[in-house]
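Containing compact mmCIF, C-alpha atoms and all ligand atoms: input20.txt.
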# COMPACT_ATOMS: atom_id res chain seq x y z
CA MET A 183 124.89 89.63 100.78
CA ALA A 184 127.22 87.65 98.53
CA HIS A 185 125.06 88.00 95.44
CA LYS A 186 121.78 89.66 94.73
CA ILE A 187 118.82 87.36 94.46
CA SER A 188 115.99 88.66 92.31
CA LEU A 189 112.34 87.85 92.95
CA THR A 190 112.38 85.63 89.85
CA ARG A 191 115.32 83.62 91.12
CA TYR A 192 113.88 83.42 94.63
CA LEU A 193 110.65 81.96 93.29
CA VAL A 194 112.49 79.46 91.09
CA GLU A 195 114.62 78.36 94.06
CA GLN A 196 111.52 78.01 96.26
CA GLN A 197 109.90 75.92 93.57
CA ARG A 198 112.94 73.66 93.36
CA SER A 199 113.49 73.26 97.08
CA ASP A 200 110.04 72.38 98.35
CA GLY A 201 107.65 72.55 95.42
CA SER A 202 105.50 75.11 97.28
CA ILE A 203 105.23 77.28 94.18
CA PRO A 204 103.82 75.59 91.06
CA SER A 205 104.98 77.18 87.78
CA GLN A 206 101.65 78.85 87.11
CA LEU A 207 101.70 80.52 90.52
CA ARG A 208 105.29 81.60 90.03
CA LEU A 209 104.41 83.29 86.75
CA LEU A 210 101.38 84.90 88.32
CA LEU A 211 103.47 86.39 91.13
CA GLU A 212 106.00 87.71 88.64
CA VAL A 213 103.26 89.40 86.66
CA VAL A 214 101.81 90.96 89.83
CA ALA A 215 105.30 92.23 90.72
CA ARG A 216 105.68 93.70 87.22
CA ALA A 217 102.32 95.45 87.56
CA CYS A 218 103.41 96.87 90.94
CA LYS A 219 106.57 98.16 89.31
CA SER A 220 104.54 100.08 86.79
CA ILE A 221 102.15 101.41 89.47
CA SER A 222 105.26 102.52 91.36
CA GLN A 223 106.41 104.45 88.29
CA ALA A 224 103.04 106.19 88.00
CA VAL A 225 103.08 107.03 91.72
CA ASN A 226 106.60 108.46 91.47
CA LYS A 227 105.68 110.76 88.59
CA GLY A 228 102.95 112.32 90.72
CA ALA A 229 101.84 115.71 89.47
CA LEU A 230 104.22 115.41 86.48
CA GLY A 231 102.30 112.38 85.26
CA GLY A 232 98.89 113.94 85.87
CA VAL A 233 97.95 111.07 88.17
CA LEU A 234 97.00 112.99 91.32
CA GLY A 235 93.51 114.07 92.38
CA SER A 236 90.04 112.63 92.20
CA ALA A 237 88.26 110.93 89.35
CA GLU A 238 84.60 111.77 88.82
CA SER A 239 83.41 108.39 90.07
CA GLU A 240 82.49 106.30 93.10
CA ASN A 241 83.31 102.66 93.78
CA VAL A 242 80.88 99.98 94.97
CA GLN A 243 81.47 100.98 98.59
CA GLY A 244 80.39 104.57 97.88
CA GLU A 245 83.91 105.97 98.16
CA VAL A 246 85.05 108.67 95.73
CA GLN A 247 87.75 107.16 93.54
CA LYS A 248 91.11 108.82 93.07
CA LYS A 249 92.70 108.76 89.63
CA LEU A 250 95.38 106.41 90.95
CA ASP A 251 92.77 103.96 92.32
CA ILE A 252 91.54 103.55 88.75
CA ILE A 253 94.98 103.56 87.10
CA ALA A 254 96.33 100.91 89.50
CA ASN A 255 93.23 98.76 88.98
CA GLU A 256 93.65 98.93 85.19
CA VAL A 257 97.36 98.16 85.34
CA LEU A 258 96.70 95.03 87.43
CA ILE A 259 93.93 93.80 85.15
CA GLU A 260 95.80 94.43 81.90
CA ALA A 261 98.97 92.80 83.20
CA ASN A 262 97.20 89.70 84.49
CA GLU A 263 94.37 88.83 82.16
CA TRP A 264 96.25 87.39 79.17
CA GLY A 265 99.01 85.32 80.82
CA GLY A 266 97.11 82.05 81.17
CA HIS A 267 97.55 81.64 84.91
CA LEU A 268 94.29 83.22 86.04
CA ALA A 269 90.61 82.38 85.80
CA ALA A 270 89.24 85.58 87.31
CA MET A 271 90.02 88.64 89.39
CA ALA A 272 88.24 90.67 92.05
CA SER A 273 89.09 94.15 93.21
CA GLU A 274 88.02 96.65 95.83
CA GLU A 275 87.44 99.06 92.94
CA MET A 276 85.15 96.83 90.84
CA ASP A 277 81.52 96.03 91.63
CA SER A 278 81.74 92.44 90.49
CA ILE A 279 84.35 89.89 89.49
CA HIS A 280 86.37 90.22 86.29
CA LEU A 281 86.52 87.02 84.26
CA VAL A 282 89.51 86.36 82.06
CA PRO A 283 88.09 86.92 78.54
CA ASN A 284 87.53 83.80 76.43
CA ARG A 285 90.13 84.84 73.87
CA TYR A 286 92.86 84.26 76.47
CA PRO A 287 93.97 80.96 78.01
CA GLN A 288 92.33 80.16 81.35
CA GLY A 289 94.36 79.34 84.43
CA GLU A 290 93.53 77.79 87.78
CA TYR A 291 94.08 80.78 90.08
CA MET A 292 92.00 83.74 91.17
CA LEU A 293 93.57 87.07 92.11
CA LEU A 294 92.08 89.58 94.53
CA PHE A 295 93.47 93.05 95.16
CA ASP A 296 93.22 96.43 96.75
CA PRO A 297 94.93 98.19 93.84
CA LEU A 298 95.75 101.33 95.76
CA ASP A 299 95.68 101.27 99.53
CA GLY A 300 95.86 104.53 101.44
CA SER A 301 94.05 106.67 98.87
CA SER A 302 93.82 109.63 101.27
CA ASN A 303 97.64 109.78 101.25
CA ILE A 304 98.17 109.91 97.47
CA ASP A 305 97.94 113.66 97.06
CA VAL A 306 100.05 114.43 100.14
CA ASN A 307 103.05 112.30 99.14
CA VAL A 308 102.77 109.77 101.97
CA SER A 309 103.36 106.02 101.52
CA ILE A 310 100.64 104.03 99.75
CA GLY A 311 100.57 100.52 98.34
CA THR A 312 98.94 97.57 96.59
CA ILE A 313 97.66 94.52 98.51
CA PHE A 314 96.96 91.18 96.82
CA SER A 315 95.75 87.70 97.62
CA VAL A 316 95.73 84.52 95.50
CA LEU A 317 93.17 81.72 95.77
CA LYS A 318 92.82 78.50 93.84
CA LYS A 319 89.75 78.17 91.64
CA PRO A 320 87.57 75.55 93.32
CA GLU A 321 86.57 72.42 91.46
CA ASN A 322 83.01 73.60 91.04
CA GLY A 323 79.95 71.54 90.50
CA HIS A 324 77.97 74.29 88.78
CA GLY A 325 79.50 73.46 85.40
CA GLN A 326 80.03 77.12 84.45
CA GLY A 327 82.90 79.53 84.53
CA VAL A 328 84.03 81.18 87.73
CA GLN A 329 81.28 82.75 89.81
CA GLU A 330 81.43 85.25 92.63
CA SER A 331 80.67 82.47 95.13
CA ASP A 332 83.93 80.73 94.11
CA PHE A 333 85.82 83.64 95.69
CA LEU A 334 84.13 83.26 99.07
CA GLN A 335 86.87 81.14 100.61
CA ALA A 336 88.32 81.61 104.07
CA GLY A 337 91.68 83.40 104.28
CA SER A 338 93.29 80.15 105.40
CA LYS A 339 92.81 78.91 101.82
CA GLN A 340 95.07 81.57 100.31
CA VAL A 341 98.02 80.19 98.32
CA ALA A 342 99.92 83.48 98.16
CA ALA A 343 99.53 86.94 99.63
CA GLY A 344 101.57 90.09 99.47
CA TYR A 345 101.74 93.81 99.24
CA CYS A 346 103.89 96.39 97.55
CA ILE A 347 104.55 99.63 99.36
CA TYR A 348 105.32 102.79 97.41
CA GLY A 349 107.30 104.77 99.96
CA PRO A 350 110.83 106.11 100.22
CA GLN A 351 111.64 102.71 98.71
CA THR A 352 109.33 100.49 96.69
CA THR A 353 109.21 97.22 98.58
CA LEU A 354 107.36 94.00 97.88
CA VAL A 355 106.51 91.66 100.74
CA LEU A 356 105.36 88.15 99.97
CA THR A 357 104.28 84.89 101.55
CA VAL A 358 103.46 81.59 99.90
CA GLY A 359 103.04 79.90 103.26
CA ASN A 360 106.60 79.33 104.33
CA GLY A 361 107.56 82.60 105.98
CA VAL A 362 107.69 86.17 104.79
CA ALA A 363 110.26 87.58 102.38
CA MET A 364 110.89 91.17 101.41
CA PHE A 365 112.20 92.51 98.08
CA THR A 366 113.32 96.04 97.35
CA LEU A 367 112.92 97.51 93.87
CA ASP A 368 116.27 98.31 92.29
CA ARG A 369 115.20 101.00 89.85
CA GLU A 370 118.40 100.93 87.77
CA GLN A 371 118.13 97.18 87.27
CA GLY A 372 114.35 97.25 87.09
CA SER A 373 113.98 94.23 89.34
CA PHE A 374 112.92 93.36 92.87
CA ILE A 375 115.90 92.16 94.94
CA LEU A 376 115.61 89.99 98.05
CA THR A 377 116.54 92.17 101.03
CA GLN A 378 115.12 90.23 103.98
CA GLU A 379 113.98 86.67 104.57
CA ASN A 380 112.08 85.02 107.39
CA ILE A 381 110.76 88.30 108.82
CA GLN A 382 109.65 87.94 112.45
CA ILE A 383 107.35 90.26 114.40
CA PRO A 384 108.37 90.54 118.06
CA ALA A 385 105.66 89.11 120.35
CA ASP A 386 105.68 92.20 122.59
CA THR A 387 105.54 95.86 121.69
CA LYS A 388 105.19 99.39 123.05
CA GLU A 389 103.64 100.87 119.92
CA PHE A 390 100.00 100.92 118.87
CA ALA A 391 98.24 102.17 115.73
CA ILE A 392 94.62 103.28 115.78
CA ASN A 393 92.71 106.30 114.49
CA MET A 394 92.21 108.08 117.82
CA SER A 395 89.67 110.49 116.36
CA ASN A 396 87.10 107.70 116.56
CA GLN A 397 87.67 107.13 120.29
CA ARG A 398 84.21 108.22 121.36
CA HIS A 399 82.63 105.64 119.04
CA TRP A 400 84.58 102.61 120.25
CA ASP A 401 83.32 99.60 122.11
CA ALA A 402 84.35 98.90 125.74
CA PRO A 403 87.16 96.36 125.05
CA VAL A 404 88.98 98.70 122.64
CA THR A 405 88.53 101.66 124.99
CA ARG A 406 89.95 99.62 127.85
CA TYR A 407 92.97 98.46 125.84
CA ILE A 408 93.89 101.93 124.57
CA ASP A 409 93.24 103.59 127.96
CA GLU A 410 95.67 101.13 129.51
CA CYS A 411 98.30 101.90 126.86
CA LEU A 412 97.83 105.64 127.40
CA ALA A 413 98.21 105.27 131.19
CA GLY A 414 101.84 104.34 130.51
CA LYS A 415 104.32 103.43 133.25
CA GLU A 416 101.90 104.36 136.04
CA GLY A 417 99.08 102.27 134.58
CA PRO A 418 98.36 98.53 134.62
CA ARG A 419 100.76 97.89 131.71
CA GLY A 420 103.70 99.40 133.58
CA LYS A 421 105.29 100.83 130.43
CA ASP A 422 104.96 103.85 128.18
CA PHE A 423 103.46 103.33 124.72
CA ASN A 424 104.09 105.25 121.52
CA MET A 425 101.44 105.82 118.84
CA ARG A 426 101.62 105.85 115.03
CA TRP A 427 98.77 106.12 112.51
CA ILE A 428 99.70 106.52 108.85
CA ALA A 429 96.21 105.82 107.48
CA SER A 430 97.65 103.51 104.82
CA MET A 431 97.20 99.97 106.08
CA VAL A 432 100.20 98.84 103.99
CA ALA A 433 102.47 101.35 105.67
CA ASP A 434 101.19 100.60 109.19
CA VAL A 435 101.52 96.84 108.62
CA HIS A 436 104.96 97.27 107.07
CA ARG A 437 106.16 99.13 110.16
CA ILE A 438 104.79 96.32 112.33
CA LEU A 439 106.66 93.73 110.26
CA MET A 440 109.87 95.71 110.61
CA ARG A 441 109.76 96.56 114.32
CA GLY A 442 106.61 95.16 115.91
CA GLY A 443 103.44 96.89 117.04
CA ILE A 444 99.69 96.45 117.05
CA PHE A 445 97.21 97.78 114.48
CA LEU A 446 93.51 98.18 115.22
CA TYR A 447 90.65 99.21 112.96
CA PRO A 448 87.77 98.09 115.18
CA TRP A 449 84.04 98.09 114.72
CA ASP A 450 82.63 101.37 115.96
CA LYS A 451 79.30 103.09 116.51
CA ARG A 452 79.55 105.44 113.52
CA GLU A 453 78.02 102.85 111.21
CA PRO A 454 77.02 100.06 113.58
CA GLU A 455 75.63 97.83 110.83
CA LYS A 456 79.14 97.57 109.29
CA ALA A 457 81.52 95.07 110.88
CA GLY A 458 84.41 97.46 110.34
CA LYS A 459 85.95 99.69 107.68
CA LEU A 460 88.53 97.39 106.16
CA ARG A 461 87.72 94.79 103.56
CA LEU A 462 88.05 91.12 104.42
CA MET A 463 89.04 89.81 100.99
CA TYR A 464 91.37 92.57 99.77
CA GLU A 465 92.95 93.86 102.97
CA ALA A 466 92.35 91.78 106.11
CA ASN A 467 92.94 88.28 104.70
CA PRO A 468 96.23 88.90 102.88
CA MET A 469 97.62 91.08 105.69
CA SER A 470 96.53 88.59 108.37
CA TRP A 471 98.27 85.73 106.62
CA ILE A 472 101.47 87.74 106.18
CA VAL A 473 101.38 88.75 109.85
CA GLU A 474 100.78 85.16 111.01
CA GLN A 475 103.55 83.90 108.76
CA ALA A 476 105.83 86.39 110.52
CA GLY A 477 104.87 85.03 113.94
CA GLY A 478 102.20 87.63 114.72
CA ALA A 479 98.44 87.24 115.15
CA ALA A 480 95.30 88.67 113.53
CA THR A 481 91.72 88.62 114.80
CA ASN A 482 88.51 90.55 114.40
CA GLY A 483 88.52 91.03 118.18
CA ARG A 484 86.99 87.62 118.77
CA GLN A 485 88.03 85.16 116.08
CA ARG A 486 91.04 84.49 113.93
CA ILE A 487 90.50 86.44 110.70
CA LEU A 488 91.79 83.59 108.51
CA ASP A 489 89.01 81.32 109.85
CA LEU A 490 86.16 83.67 108.90
CA ALA A 491 83.84 82.34 106.19
CA PRO A 492 83.17 85.25 103.80
CA THR A 493 79.54 85.79 102.84
CA LYS A 494 80.06 88.45 100.20
CA LEU A 495 82.88 89.74 98.05
CA HIS A 496 83.08 93.25 99.49
CA GLU A 497 82.55 92.17 103.09
CA ARG A 498 84.02 94.37 105.80
CA VAL A 499 85.64 93.26 109.00
CA ALA A 500 87.12 94.59 112.24
CA VAL A 501 90.88 94.13 112.34
CA VAL A 502 93.33 93.68 115.22
CA LEU A 503 96.76 92.49 114.07
CA GLY A 504 100.45 92.53 114.89
CA SER A 505 102.55 91.51 117.89
CA LYS A 506 101.09 88.28 119.21
CA ASN A 507 100.81 89.01 122.93
CA GLU A 508 99.09 92.36 122.35
CA VAL A 509 96.60 90.92 119.84
CA GLU A 510 95.79 88.13 122.30
CA ARG A 511 95.26 90.70 125.05
CA VAL A 512 92.78 92.74 122.97
CA THR A 513 91.01 89.57 121.87
CA GLY A 514 90.82 88.45 125.50
CA TYR A 515 89.20 91.77 126.48
CA HIS A 516 86.50 91.17 123.86
CA THR A 517 85.69 87.72 125.12
CA THR A 518 85.72 88.52 128.85
CA LEU A 519 84.06 91.97 128.96
P1 LIG B 1 91.74 102.46 100.82
O1 LIG B 1 92.59 103.63 100.50
O2 LIG B 1 92.10 101.22 100.03
O3 LIG B 1 90.27 102.76 100.81
O4 LIG B 1 92.09 101.97 102.31
C1 LIG B 1 92.25 102.91 103.34
C2 LIG B 1 92.14 102.19 104.62
C3 LIG B 1 93.45 101.69 105.20
O5 LIG B 1 94.52 101.71 104.35
C4 LIG B 1 93.71 102.59 106.36
O6 LIG B 1 94.24 101.86 107.43
C5 LIG B 1 92.37 103.14 106.71
O7 LIG B 1 91.58 103.06 105.56
C6 LIG B 1 92.44 104.57 107.17
O8 LIG B 1 91.18 104.96 107.55
P2 LIG B 1 90.88 106.35 108.31
O9 LIG B 1 91.02 107.42 107.28
O10 LIG B 1 89.47 106.15 108.78
O11 LIG B 1 91.87 106.49 109.43
MN MN B 2 92.84 99.76 101.35
MN MN B 3 92.08 100.95 97.88
For this file, write the structure as structure tokens.
Amino acid sequence: MAHKISLTRYLVEQQRSDGSIPSQLRLLLEVVARACKSISQAVNKGALGGVLGSAESENVQGEVQKKLDIIANEVLIEANEWGGHLAAMASEEMDSIHLVPNRYPQGEYMLLFDPLDGSSNIDVNVSIGTIFSVLKKPENGHGQGVQESDFLQAGSKQVAAGYCIYGPQTTLVLTVGNGVAMFTLDREQGSFILTQENIQIPADTKEFAINMSNQRHWDAPVTRYIDECLAGKEGPRGKDFNMRWIASMVADVHRILMRGGIFLYPWDKREPEKAGKLRLMYEANPMSWIVEQAGGAATNGRQRILDLAPTKLHERVAVVLGSKNEVERVTGYHTTL
């Protein structure tokens, strides 16, 4: 690379070239990146910073919160609430939406996030991350401030989506609807530097990601798909498959962006009333848009995730995403079986 392009410069150049990033959105994305940088610092300190282990609390989904879930949530809120580009925020770790307090200027965007994805990996020093999604505040007829119902927009309405992965490197991946770009944190400089543009997921793959311990609870289409992968060269697929499961969606999706693959977190019989484990607004929507922008596909087994109309903020969803031909195969099994 002739010269290093920082995230700031990249966003300014995008804004100049096609106007896809209004100034307020550009500032918002820079603030999110800054917050991720500070979460990255906390993650890196680990035991030295006293950030490992559980907090004595549960979130709205009944999951025990880790200290870092709460720290990351606070960092994102504090960084974003005063800048004037946001109207409200919603997070996996908060029961209800967080309005920008009246004392601060109000903006036209709404930010949603999974502050810390892969909580079970925090204490064992495995990659974790932050996932975020940006929506525009609708022109509402109810004449009041932002309400929870304003957030219930389909994923196709997102204006930006991204994630930051805290792994061997801290890497931020972003889409504003014209492809996917990746930035690596240069710790000495303290800035995110563009390291890959126009990321493309190969349409075919020989690598799948699923939590195999749930096999006995799966539905027939998922069982069929995985059985066929496991049958390898001698089976109907005629090739051997490899398996990976990191249990941090950010890390599994990042691998898929880098070298292809398919990721499944399907509905299963453990809790049949739940559509899936992952959250539509904080995990599935942003990741699905990133994957589609990289040439991949994302469905809930039957429908395109980005077309789903959310009915509640903390809605869950089944997720099948990654290399296009594999996702279409799994989706086809659901509609024909
Ligand atoms: P979170 O840490 O935000 O609750 O998300 C964890 C999610 C996702 O990152 C991962 O793919 C999945 O849960 C792992 O679930 P299992 O432990 O059931 O494999
Ligand atoms: Mn998560
Ligand atoms: Mn989380």
Margin query: I want to know what sits within 8 Å of A:Asn255, based on only C-alpha atoms, with residues of the same chain fewer than 4 positions away left out; could you give that as an MDAnalysis selection string?
Written below: chainID A and resid 251 259 273 275 297:298
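For the pair atom O10 of ligand LIG 1 (chain B) and atom CA of A:Trp400, the separation is 13.0 Å.
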Next item on the list: Might you pull out every residue within 10 Å of A:Ser373, with all atoms listed in the file counted and same-chain residues fewer than 5 positions away left off, and present them as a PyMOL selection string?
Entry: chain A and resi 187-190+215-216+219+365-368
Serialized selection, C-alpha atoms, as an mmCIF file, in the coordinates of the input:
data_model
loop_
_atom_site.group_PDB
_atom_site.id
_atom_site.type_symbol
_atom_site.label_atom_id
_atom_site.label_comp_id
_atom_site.auth_asym_id
_atom_site.auth_seq_id
_atom_site.Cartn_x
_atom_site.Cartn_y
_atom_site.Cartn_z
ATOM 1 C CA ILE A 187 118.820 87.360 94.460
ATOM 2 C CA SER A 188 115.990 88.660 92.310
ATOM 3 C CA LEU A 189 112.340 87.850 92.950
ATOM 4 C CA THR A 190 112.380 85.630 89.850
ATOM 5 C CA ALA A 215 105.300 92.230 90.720
ATOM 6 C CA ARG A 216 105.680 93.700 87.220
ATOM 7 C CA LYS A 219 106.570 98.160 89.310
ATOM 8 C CA PHE A 365 112.200 92.510 98.080
ATOM 9 C CA THR A 366 113.320 96.040 97.350
ATOM 10 C CA LEU A 367 112.920 97.510 93.870
ATOM 11 C CA ASP A 368 116.270 98.310 92.290
#
Margin query: Please determine, counting all atoms listed in the file, which residue among A:Glu321, A:Asp434, A:Glu379, A:Glu389 has the shortest atom-to-atom distance to A:Lys421.
Written below: A:Glu389
Next item on the list: May I have the residues within 6 Å of ligand MN 2 (chain B), computed using all atoms listed in the file, as a VMD selection string?
Entry: chain A and resid 296 299 to 300
Margin query: Which residues are near ligand LIG 1 (chain B) in this structure, taking near to mean any atom at most 9 Å from a ligand atom and counting all atoms listed in the file? Format them as a count of residues only.
Written below: 40
Note to self: Calculated over only C-alpha atoms and all ligand atoms, which of the candidates A:Phe314, A:Tyr286, A:Tyr291, A:Tyr192 has the smallest distance to ligand MN 3 (chain B)?
What the structure shows: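 Once distances to ligand MN 3 (chain B) are computed over only C-alpha atoms and all ligand atoms, the minimum belongs to A:Phe314.
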Check: Near A:Leu439, counting all atoms listed in the file, which residues have an atom at most 12 Å away, once you skip same-chain residues fewer than 4 positions from it, shown as a ChimeraX atom specification?
Finding: /A:355-356,361-364,378-385,387,432-435,443-445,469-470,472-479,503-506
Notebook entry, point to check: Which is closest to ligand MN 3 (chain B) among A:Met463, A:Pro448, A:Ser220, A:His185, if we use all atoms listed in the file?
Noted result: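 Checking each of A:Met463, A:Pro448, A:Ser220, A:His185 against ligand MN 3 (chain B), counting all atoms listed in the file, the winner is A:Met463.
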Item checked: Distance criterion (only C-alpha atoms): nearest to A:Thr405 out of A:Val214, A:Val512, A:Leu193, A:Val246 ->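 Closest residue, counting only C-alpha atoms: A:Val512.
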Item checked: Among listed residues A:Leu376, A:Pro403, A:Ile252, A:Val306, nearest ligand MN 3 (chain B) (using all atoms listed in the file) -> A:Ile252
When you look at A:Ser205 with a cut-off of 12 Å (counting all atoms listed in the file), what residues show up, excluding the ones that are within fewer than 3 positions of it in the same chain? I need them as a PDB file with C-alpha atoms, in the frame of the given file.
ATOM      1  CA  THR A 190     112.380  85.630  89.850  1.00  0.00           C
ATOM      2  CA  LEU A 193     110.650  81.960  93.290  1.00  0.00           C
ATOM      3  CA  VAL A 194     112.490  79.460  91.090  1.00  0.00           C
ATOM      4  CA  GLU A 195     114.620  78.360  94.060  1.00  0.00           C
ATOM      5  CA  GLN A 196     111.520  78.010  96.260  1.00  0.00           C
ATOM      6  CA  GLN A 197     109.900  75.920  93.570  1.00  0.00           C
ATOM      7  CA  ARG A 198     112.940  73.660  93.360  1.00  0.00           C
ATOM      8  CA  GLY A 201     107.650  72.550  95.420  1.00  0.00           C
ATOM      9  CA  SER A 202     105.500  75.110  97.280  1.00  0.00           C
ATOM     10  CA  ARG A 208     105.290  81.600  90.030  1.00  0.00           C
ATOM     11  CA  LEU A 209     104.410  83.290  86.750  1.00  0.00           C
ATOM     12  CA  LEU A 210     101.380  84.900  88.320  1.00  0.00           C
ATOM     13  CA  LEU A 211     103.470  86.390  91.130  1.00  0.00           C
ATOM     14  CA  GLU A 212     106.000  87.710  88.640  1.00  0.00           C
ATOM     15  CA  GLY A 266      97.110  82.050  81.170  1.00  0.00           C
ATOM     16  CA  HIS A 267      97.550  81.640  84.910  1.00  0.00           C
ATOM     17  CA  GLY A 289      94.360  79.340  84.430  1.00  0.00           C
ATOM     18  CA  GLU A 290      93.530  77.790  87.780  1.00  0.00           C
ATOM     19  CA  TYR A 291      94.080  80.780  90.080  1.00  0.00           C
TER      20      TYR A 291
END
Next item on the list: Find, counting only C-alpha atoms, the residue in A:Asn284, A:Thr493, A:Asn507, A:Asn241 that gets nearest to A:Asp332.
Entry: A:Thr493
Margin query: Report, in Å with one decimal, the straight-line distance from atom CA of A:Lys388 to atom CA of A:Val404.
Written below: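 A separation of 16.2 Å between them.
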Note to self: If we count all atoms listed in the file and set the cut-off at 12 Å, which residues sit around A:Ser278, ignoring sequence neighbours fewer than 3 positions away in its own chain? Please answer as a list in words.
What the structure shows: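 Listed by chain and then number, they are Asn241, Val242, Gln243, Ala270, Met271, Ala272, Ser273, Glu274, Glu275, Leu281, Leu294, Val328, Gln329, Glu330, Ser331, Phe333, Lys494, Leu495 and His496 of chain A.
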Notebook entry, point to check: How many Å lie between atom CA of A:Ala336 and atom CA of A:Thr518, rounded to one decimal?
Noted result: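 For atom CA of A:Ala336 relative to atom CA of A:Thr518, the distance reads 25.9 Å.
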Edge lengths and centre, in Å to one decimal, as JSON: that's what I need for the box along x, y and z that holds all listed atoms of stretch 262-273 of chain A plus 3 Å on each side.
{"center_x": 93.6, "center_y": 87.9, "center_z": 86.2, "size_x": 16.8, "size_y": 18.5, "size_z": 20.0}
